[in-house]
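K.L.:
I have a structure I would like to understand better, so I am pasting it below and will then ask my questions one at a time.
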Amino acid sequence: MSSAGNSTQTTGDAVFRLAVASSARGMAIVDARGRWQQANPAMERMLGQDGGRLAGTDVTEMVADGDAQRLLDALDALLGGGQPVHLSLAFVHADGHEVPVHMSMAPMREADGAVQFVVLDTQDDETAAMARQLADARTELVAMHRLQASFAHGVSHDLRAPLRAIDSFSALLATHLDAGLDDTSRDYIARIRGASTRMAELIDALLELSRAMRAELRSAPVDIGLLVDWAHAELADTDAGRDAQIEVQPGLQALGDERQLRLLVNHLLHNAWKFSRDRDRVRVEIGGEPRADRIVVHVRDHGSGFDMRYADRLFEPFQRLHGPEQAGGNGLGLAIVRCVAERHGGRVWAQSEPGAGSTFFVELPAVPDSGGQA
Amino acid sequence: MSQKDILLVEDNSDDVELTRIAFAEANVANRLEVVGDGAEALDYLFARGRYVHRDPDDLPSIVLLDLNLPKVDGREVLQAIRANEKTRGLPVVVLTTSTEPFDVEASYALGVNSYIRKPVDFEQFVWAVKQVGLYWLVLNHPREGG
């Protein structure tokens, strides 16, 4: 729309057009009937549409359904002699995703006062864009959780059945061949059975980890002492006759999901017990120190300890610092402990001295107004 | 003591064999009727399909039910058993590999009598099946003269 005339005016108009074309903000002209007329490159990018294609189409076609009416109402108000209008709405890009924007609309008033066109000036609505990204991420997360849940379910059923067959028919084979078996054969069969047992334990641990990662957390005051008692009872059951002294600070509580915290306590106590194998008796002390709105629970054993050089590997899945001879497990127990702690917004760390024992620390939410532990 | 058949609903032939062995070790004399999927289980219980010539009043003493079955899964079988007046009171023991909370929850909600996770270890498996047999076939008093 540059008029023929002196060079200053032409230059002026051309520079102005260049300005609009260069603007990072999406700008467009819409006619009094709400149809696109022209759009600058930024607007074209925002909509994923070519300006030429847009021309003549209804502006509401590029707008999210819920916002179309508001836009039309704003346009009407504007054309009826109103002041410039500001509104937040979402355009719809050609590929379907929504582009939330803050938009200003102003009438293009001719010299005679007539308004045939309206200029739109848009600015990205970052907050809305982020909110939409968050919603998308959440949808993907939910889908992944569902996938993981069905995977865990499949693992639960499909991997254990063949293991049972391996273990059972090895045992039956041994019985069946009984007299004909020499020591080497018995040893081989024992190894087969041992391996399938270990694999079954690993599967169970993986399922536990999987559940720790995705299970819904129900928060309530949890009596840590009670969890320790249960863990102690289980350990005493499987290791009957073992001399064990486990002391818990009275009144020790944390705020969290009891089922998950039970897993956490079980694994920590199980480790403490296991690594005290070479001692005359198992000695474990459990206590907690309040720290602002958290409680730092410690589990101290006097067992074989570990080399602090490998401390950063301690809580990684499948990383073991001890082989089976030194009571090393399947490498998942501490990964589960860390997972539970982190899902409660806390963390875990450990200190140790080989030969002197280890202390594991878990920071968890404290029960509000618990007035300090004990 | 119930003399009637035990209905084993299990699609894994290894587990069928191990269950047989376990019952034999427990000296459980009841005949073991095996069906390989949920649809067959229901046909058997309701005397239809290939079991149309069965006496519908001749129900098994217990149903050992795996959950993950072809065609009609264990949960649906359990639901159908509890929905039918004739079979509603049938003792059903779920014998499965899973202890996923939703499997346990669903089974109890549908009225299972007992939920047993099949051990991987052979001796433990035999022990578990023995316990089930002794409890339901010897200790438990059956509904009718059995």
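All residue names refer to the structure tokens as shown: chains lettered A, B, ... in order, residues numbered from 1 in each chain, ligands numbered from 1 in order.
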Taking only C-alpha atoms into account, report as a PyMOL selection string which residues of chain A lie within 12 Å of chain B.

P.N.:
chain A and resi 149-173+192-201+203-204+207-208+210-211+215-216+259

K.L.:
Which residues come within 12 Å of A:Ser104, counting only C-alpha atoms, excluding same-chain residues fewer than 3 positions away, as a list in words?

P.N.:
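Returned residues: Arg25, Gly26, Met27, Ala28, Ile29, Leu71, Ala74, Leu75, Leu78, Gln83, Pro84, Val85, His86, Leu87, Ser88, Leu89, Val101, Pro107, Val118, Val119, Leu120, Asp121, Thr122, Gln123 and Asp124 of chain A.
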
K.L.:
Selected residues, C-alpha atoms, written as a tab-separated table (two decimals), in the first residue's frame, please.

P.N.:
chain	number	residue	atom	x	y	z
A	25	ARG	CA	5.34	-10.62	17.20
A	26	GLY	CA	2.63	-12.17	15.08
A	27	MET	CA	0.68	-9.42	13.41
A	28	ALA	CA	-2.21	-9.55	11.03
A	29	ILE	CA	-4.96	-7.52	9.49
A	71	LEU	CA	-12.91	-13.36	19.57
A	74	ALA	CA	-14.35	-8.68	20.83
A	75	LEU	CA	-14.34	-7.86	17.16
A	78	LEU	CA	-14.27	-3.00	18.53
A	83	GLN	CA	-11.36	0.93	22.46
A	84	PRO	CA	-8.58	-1.46	21.59
A	85	VAL	CA	-9.23	-4.87	23.06
A	86	HIS	CA	-6.86	-7.29	24.80
A	87	LEU	CA	-7.64	-10.95	25.18
A	88	SER	CA	-5.93	-14.25	25.78
A	89	LEU	CA	-6.77	-17.10	23.48
A	101	VAL	CA	-1.24	-15.99	22.98
A	107	PRO	CA	-9.28	-0.57	14.74
A	118	VAL	CA	-8.55	-4.37	12.46
A	119	VAL	CA	-4.92	-4.99	13.29
A	120	LEU	CA	-4.04	-7.93	15.52
A	121	ASP	CA	-0.84	-7.98	17.50
A	122	THR	CA	0.06	-11.12	19.39
A	123	GLN	CA	2.50	-12.15	22.05
A	124	ASP	CA	3.24	-15.69	23.18

K.L.:
Find the spatial neighbours of B:Ala39, counting only C-alpha atoms, within a cut-off of 12 Å - ignore same-chain residues fewer than 5 positions away - and output them as a PyMOL selection string.

P.N.:
chain B and resi 9-11+44-51+69-78+80

K.L.:
Can you tell me, as a VMD selection string, what residues are no more than 8 Å from B:Phe23 when counting only C-alpha atoms, ignoring any on the same chain fewer than 4 positions away?

P.N.:
chain B and resid 19 27 to 29 126 129 to 130 133

K.L.:
Write out the residues from the selection above, keeping N, CA and C atoms, as a PDB file, in the first residue's frame.

P.N.:
ATOM      1  N   THR B  19       1.389 -80.101  39.838  1.00  0.00           N
ATOM      2  CA  THR B  19       0.241 -80.158  40.746  1.00  0.00           C
ATOM      3  C   THR B  19      -0.181 -81.592  40.973  1.00  0.00           C
ATOM      4  N   ASN B  27      -1.033 -87.781  49.088  1.00  0.00           N
ATOM      5  CA  ASN B  27      -2.001 -88.887  49.139  1.00  0.00           C
ATOM      6  C   ASN B  27      -3.433 -88.436  48.953  1.00  0.00           C
ATOM      7  N   VAL B  28      -3.594 -87.437  48.122  1.00  0.00           N
ATOM      8  CA  VAL B  28      -4.946 -86.989  47.793  1.00  0.00           C
ATOM      9  C   VAL B  28      -5.452 -87.881  46.684  1.00  0.00           C
ATOM     10  N   ALA B  29      -6.534 -88.609  46.988  1.00  0.00           N
ATOM     11  CA  ALA B  29      -7.001 -89.612  46.037  1.00  0.00           C
ATOM     12  C   ALA B  29      -7.999 -89.069  45.032  1.00  0.00           C
ATOM     13  N   VAL B 126       5.144 -77.970  46.358  1.00  0.00           N
ATOM     14  CA  VAL B 126       4.479 -79.206  46.789  1.00  0.00           C
ATOM     15  C   VAL B 126       3.799 -78.990  48.131  1.00  0.00           C
ATOM     16  N   VAL B 129       0.557 -76.903  47.689  1.00  0.00           N
ATOM     17  CA  VAL B 129      -0.548 -77.673  47.104  1.00  0.00           C
ATOM     18  C   VAL B 129      -1.074 -78.695  48.112  1.00  0.00           C
ATOM     19  N   LYS B 130      -0.160 -79.301  48.863  1.00  0.00           N
ATOM     20  CA  LYS B 130      -0.578 -80.250  49.912  1.00  0.00           C
ATOM     21  C   LYS B 130      -1.501 -79.557  50.903  1.00  0.00           C
ATOM     22  N   GLY B 133      -4.876 -79.008  49.475  1.00  0.00           N
ATOM     23  CA  GLY B 133      -5.604 -80.275  49.404  1.00  0.00           C
ATOM     24  C   GLY B 133      -6.095 -80.719  50.767  1.00  0.00           C
TER      25      GLY B 133
END

K.L.:
Using DSSP secondary structure from the backbone, list all strand (DSSP E or B) positions within stretch 202-334 of chain A, as a CSV table (one decimal) with all heavy atoms, in the first residue's frame.

P.N.:
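The new file result21.csv reads:
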chain,number,residue,atom,x,y,z
A,220,ALA,N,0.7,-40.6,55.8
A,220,ALA,CA,0.1,-40.6,57.1
A,220,ALA,C,1.3,-40.8,58.1
A,220,ALA,O,2.4,-41.2,57.7
A,220,ALA,CB,-0.8,-41.8,57.3
A,221,PRO,N,1.1,-40.5,59.4
A,221,PRO,CA,2.2,-40.7,60.4
A,221,PRO,C,2.4,-42.2,60.4
A,221,PRO,O,1.5,-43.0,60.5
A,221,PRO,CB,1.6,-40.2,61.7
A,221,PRO,CG,0.5,-39.3,61.3
A,221,PRO,CD,-0.1,-39.8,60.0
A,222,VAL,N,3.7,-42.5,60.4
A,222,VAL,CA,4.1,-43.9,60.4
A,222,VAL,C,5.0,-44.2,61.6
A,222,VAL,O,6.0,-43.4,61.8
A,222,VAL,CB,4.8,-44.3,59.1
A,222,VAL,CG1,5.3,-45.8,59.1
A,222,VAL,CG2,3.9,-44.2,57.9
A,223,ASP,N,4.7,-45.2,62.3
A,223,ASP,CA,5.6,-45.6,63.5
A,223,ASP,C,6.7,-46.4,63.0
A,223,ASP,O,6.6,-47.6,62.6
A,223,ASP,CB,4.7,-46.4,64.4
A,223,ASP,CG,5.4,-46.8,65.7
A,223,ASP,OD1,6.7,-46.7,65.7
A,223,ASP,OD2,4.7,-47.3,66.6
A,244,ALA,N,20.5,-61.3,68.2
A,244,ALA,CA,20.3,-60.0,67.6
A,244,ALA,C,19.8,-59.0,68.6
A,244,ALA,O,18.8,-59.3,69.4
A,244,ALA,CB,19.4,-60.1,66.4
A,245,GLN,N,20.4,-57.9,68.6
A,245,GLN,CA,19.9,-56.8,69.5
A,245,GLN,C,19.7,-55.6,68.6
A,245,GLN,O,20.6,-55.0,68.1
A,245,GLN,CB,21.0,-56.5,70.5
A,245,GLN,CG,20.7,-55.5,71.6
A,245,GLN,CD,21.9,-55.1,72.4
A,245,GLN,OE1,22.8,-55.9,72.6
A,245,GLN,NE2,21.9,-53.9,72.9
A,246,ILE,N,18.4,-55.3,68.5
A,246,ILE,CA,18.0,-54.1,67.7
A,246,ILE,C,17.3,-53.1,68.5
A,246,ILE,O,16.3,-53.4,69.1
A,246,ILE,CB,17.1,-54.6,66.5
A,246,ILE,CG1,17.8,-55.6,65.7
A,246,ILE,CG2,16.7,-53.4,65.7
A,246,ILE,CD1,17.1,-56.1,64.5
A,247,GLU,N,17.9,-51.9,68.6
A,247,GLU,CA,17.3,-50.9,69.5
A,247,GLU,C,16.8,-49.7,68.6
A,247,GLU,O,17.5,-49.2,67.7
A,247,GLU,CB,18.5,-50.3,70.3
A,247,GLU,CG,18.7,-51.1,71.6
A,247,GLU,CD,20.0,-50.7,72.3
A,247,GLU,OE1,20.4,-49.6,72.2
A,247,GLU,OE2,20.5,-51.6,73.0
A,248,VAL,N,15.6,-49.3,68.9
A,248,VAL,CA,14.9,-48.2,68.2
A,248,VAL,C,14.6,-47.1,69.2
A,248,VAL,O,14.1,-47.3,70.3
A,248,VAL,CB,13.6,-48.6,67.6
A,248,VAL,CG1,13.1,-47.6,66.6
A,248,VAL,CG2,13.7,-50.0,66.8
A,253,GLN,N,9.0,-41.5,64.4
A,253,GLN,CA,7.9,-41.5,63.4
A,253,GLN,C,8.3,-40.7,62.2
A,253,GLN,O,9.2,-39.9,62.2
A,253,GLN,CB,6.7,-40.7,64.0
A,253,GLN,CG,5.8,-41.4,65.0
A,253,GLN,CD,4.6,-40.6,65.2
A,253,GLN,OE1,4.7,-39.4,65.6
A,253,GLN,NE2,3.4,-41.2,65.0
A,254,ALA,N,7.7,-41.0,61.1
A,254,ALA,CA,7.9,-40.2,59.9
A,254,ALA,C,6.5,-40.1,59.2
A,254,ALA,O,5.6,-40.8,59.5
A,254,ALA,CB,8.9,-40.9,59.0
A,255,LEU,N,6.5,-39.1,58.3
A,255,LEU,CA,5.2,-38.9,57.5
A,255,LEU,C,5.4,-39.6,56.2
A,255,LEU,O,6.2,-39.1,55.4
A,255,LEU,CB,4.9,-37.4,57.4
A,255,LEU,CG,3.6,-37.1,56.8
A,255,LEU,CD1,2.5,-37.4,57.8
A,255,LEU,CD2,3.5,-35.6,56.5
A,256,GLY,N,4.5,-40.6,55.9
A,256,GLY,CA,4.7,-41.2,54.5
A,256,GLY,C,3.8,-42.3,54.3
A,256,GLY,O,2.8,-42.6,55.1
A,282,VAL,N,24.1,-59.7,66.1
A,282,VAL,CA,23.7,-58.6,65.3
A,282,VAL,C,23.4,-57.4,66.2
A,282,VAL,O,22.6,-57.6,67.2
A,282,VAL,CB,22.5,-58.9,64.5
A,282,VAL,CG1,22.0,-57.7,63.7
A,282,VAL,CG2,22.8,-60.1,63.5
A,283,ARG,N,24.0,-56.3,66.0
A,283,ARG,CA,23.7,-55.1,66.8
A,283,ARG,C,23.3,-54.0,65.9
A,283,ARG,O,24.1,-53.6,65.1
A,283,ARG,CB,24.9,-54.7,67.7
A,283,ARG,CG,24.9,-55.3,69.1
A,283,ARG,CD,25.8,-54.5,70.0
A,283,ARG,NE,27.1,-54.4,69.5
A,283,ARG,CZ,27.8,-53.2,69.7
A,283,ARG,NH1,27.3,-52.2,70.3
A,283,ARG,NH2,29.1,-53.2,69.2
A,284,VAL,N,22.1,-53.5,66.0
A,284,VAL,CA,21.7,-52.4,65.2
A,284,VAL,C,21.0,-51.3,66.0
A,284,VAL,O,20.2,-51.6,66.9
A,284,VAL,CB,20.7,-52.9,64.1
A,284,VAL,CG1,20.3,-51.7,63.1
A,284,VAL,CG2,21.2,-54.1,63.3
A,285,GLU,N,21.4,-50.1,65.8
A,285,GLU,CA,20.7,-49.0,66.5
A,285,GLU,C,20.0,-48.1,65.4
A,285,GLU,O,20.6,-47.7,64.4
A,285,GLU,CB,21.7,-48.1,67.2
A,285,GLU,CG,22.4,-48.8,68.4
A,285,GLU,CD,23.8,-49.2,68.1
A,285,GLU,OE1,24.5,-48.4,67.4
A,285,GLU,OE2,24.2,-50.3,68.4
A,286,ILE,N,18.7,-47.8,65.7
A,286,ILE,CA,17.9,-46.9,64.8
A,286,ILE,C,17.4,-45.7,65.6
A,286,ILE,O,16.9,-45.8,66.7
A,286,ILE,CB,16.7,-47.7,64.2
A,286,ILE,CG1,17.3,-48.9,63.4
A,286,ILE,CG2,15.9,-46.8,63.4
A,286,ILE,CD1,16.7,-50.2,63.8
A,287,GLY,N,17.7,-44.6,65.0
A,287,GLY,CA,17.3,-43.3,65.7
A,287,GLY,C,17.0,-42.3,64.6
A,287,GLY,O,17.0,-42.5,63.4
A,288,GLY,N,16.6,-41.1,65.1
A,288,GLY,CA,16.3,-40.0,64.2
A,288,GLY,C,16.5,-38.7,64.8
A,288,GLY,O,16.3,-38.5,66.0
A,289,GLU,N,17.0,-37.7,63.9
A,289,GLU,CA,17.2,-36.4,64.4
A,289,GLU,C,16.3,-35.5,63.6
A,289,GLU,O,16.3,-35.5,62.3
A,289,GLU,CB,18.7,-35.9,64.1
A,289,GLU,CG,19.6,-36.4,65.2
A,289,GLU,CD,20.1,-37.8,65.0
A,289,GLU,OE1,20.4,-38.2,63.8
A,289,GLU,OE2,20.1,-38.6,66.0
A,290,PRO,N,15.5,-34.6,64.2
A,290,PRO,CA,14.7,-33.7,63.5
A,290,PRO,C,15.6,-32.6,62.8
A,290,PRO,O,16.6,-32.2,63.4
A,290,PRO,CB,13.8,-33.0,64.5
A,290,PRO,CG,14.4,-33.4,65.8
A,290,PRO,CD,15.3,-34.5,65.7
A,291,ARG,N,15.2,-32.3,61.6
A,291,ARG,CA,15.9,-31.2,60.8
A,291,ARG,C,14.8,-30.4,60.1
A,291,ARG,O,14.3,-30.8,59.1
A,291,ARG,CB,16.9,-31.9,59.9
A,291,ARG,CG,18.2,-31.1,59.6
A,291,ARG,CD,19.0,-31.8,58.6
A,291,ARG,NE,20.0,-32.7,59.1
A,291,ARG,CZ,20.9,-33.3,58.4
A,291,ARG,NH1,21.0,-33.1,57.1
A,291,ARG,NH2,21.8,-34.1,59.0
A,294,ARG,N,11.8,-32.1,58.5
A,294,ARG,CA,12.2,-33.4,58.1
A,294,ARG,C,12.7,-34.2,59.3
A,294,ARG,O,13.0,-33.6,60.4
A,294,ARG,CB,13.3,-33.4,57.1
A,294,ARG,CG,13.1,-32.3,56.0
A,294,ARG,CD,13.3,-32.8,54.7
A,294,ARG,NE,12.1,-32.6,53.9
A,294,ARG,CZ,11.7,-33.4,52.9
A,294,ARG,NH1,12.3,-34.5,52.6
A,294,ARG,NH2,10.6,-33.1,52.3
A,295,ILE,N,12.9,-35.5,59.1
A,295,ILE,CA,13.5,-36.3,60.2
A,295,ILE,C,14.6,-37.1,59.5
A,295,ILE,O,14.3,-37.7,58.4
A,295,ILE,CB,12.6,-37.1,61.0
A,295,ILE,CG1,13.3,-38.0,62.0
A,295,ILE,CG2,11.7,-38.0,60.1
A,295,ILE,CD1,12.7,-38.1,63.3
A,296,VAL,N,15.8,-37.1,60.0
A,296,VAL,CA,16.9,-37.9,59.4
A,296,VAL,C,17.0,-39.1,60.3
A,296,VAL,O,17.4,-39.1,61.4
A,296,VAL,CB,18.2,-37.1,59.4
A,296,VAL,CG1,19.3,-38.0,58.9
A,296,VAL,CG2,18.1,-35.9,58.6
A,297,VAL,N,16.5,-40.3,59.7
A,297,VAL,CA,16.6,-41.5,60.4
A,297,VAL,C,17.9,-42.2,60.1
A,297,VAL,O,18.4,-42.2,58.9
A,297,VAL,CB,15.5,-42.5,59.9
A,297,VAL,CG1,15.5,-43.8,60.5
A,297,VAL,CG2,14.1,-41.8,60.2
A,298,HIS,N,18.6,-42.7,61.1
A,298,HIS,CA,19.8,-43.5,60.9
A,298,HIS,C,19.7,-44.9,61.3
A,298,HIS,O,19.0,-45.2,62.3
A,298,HIS,CB,21.0,-42.8,61.5
A,298,HIS,CG,20.9,-42.8,63.0
A,298,HIS,ND1,20.6,-41.8,63.8
A,298,HIS,CD2,21.2,-43.9,63.9
A,298,HIS,CE1,20.6,-42.1,65.1
A,298,HIS,NE2,21.0,-43.3,65.2
A,299,VAL,N,20.3,-45.8,60.5
A,299,VAL,CA,20.3,-47.2,60.9
A,299,VAL,C,21.8,-47.6,61.0
A,299,VAL,O,22.5,-47.6,60.0
A,299,VAL,CB,19.7,-48.1,59.8
A,299,VAL,CG1,19.8,-49.6,60.1
A,299,VAL,CG2,18.2,-47.7,59.6
A,300,ARG,N,22.3,-47.9,62.2
A,300,ARG,CA,23.7,-48.1,62.4
A,300,ARG,C,23.9,-49.6,62.7
A,300,ARG,O,23.3,-50.1,63.7
A,300,ARG,CB,24.2,-47.2,63.6
A,300,ARG,CG,25.6,-47.3,63.8
A,300,ARG,CD,26.0,-46.2,64.8
A,300,ARG,NE,25.9,-44.9,64.2
A,300,ARG,CZ,25.2,-43.9,64.7
A,300,ARG,NH1,24.5,-44.0,65.9
A,300,ARG,NH2,25.1,-42.7,64.1
A,301,ASP,N,24.8,-50.2,62.0
A,301,ASP,CA,25.2,-51.6,62.3
A,301,ASP,C,26.7,-51.7,62.7
A,301,ASP,O,27.4,-50.7,62.4
A,301,ASP,CB,24.8,-52.6,61.2
A,301,ASP,CG,25.7,-52.4,60.0
A,301,ASP,OD1,27.0,-52.6,60.0
A,301,ASP,OD2,25.2,-52.0,58.9

K.L.:
Calculate how many Å separate atom CA of B:Pro56 from atom CA of B:Ala22, rounding to one decimal.

P.N.:
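Result for atom CA of B:Pro56 versus atom CA of B:Ala22: 28.3 Å, one decimal.
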
K.L.:
Could you state the separation of atom CA of A:Ala341 and atom CA of A:Leu217 in Å, given to one decimal place?

P.N.:
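Computing the Euclidean distance for atom CA of A:Ala341 and atom CA of A:Leu217 yields 11.7 Å.
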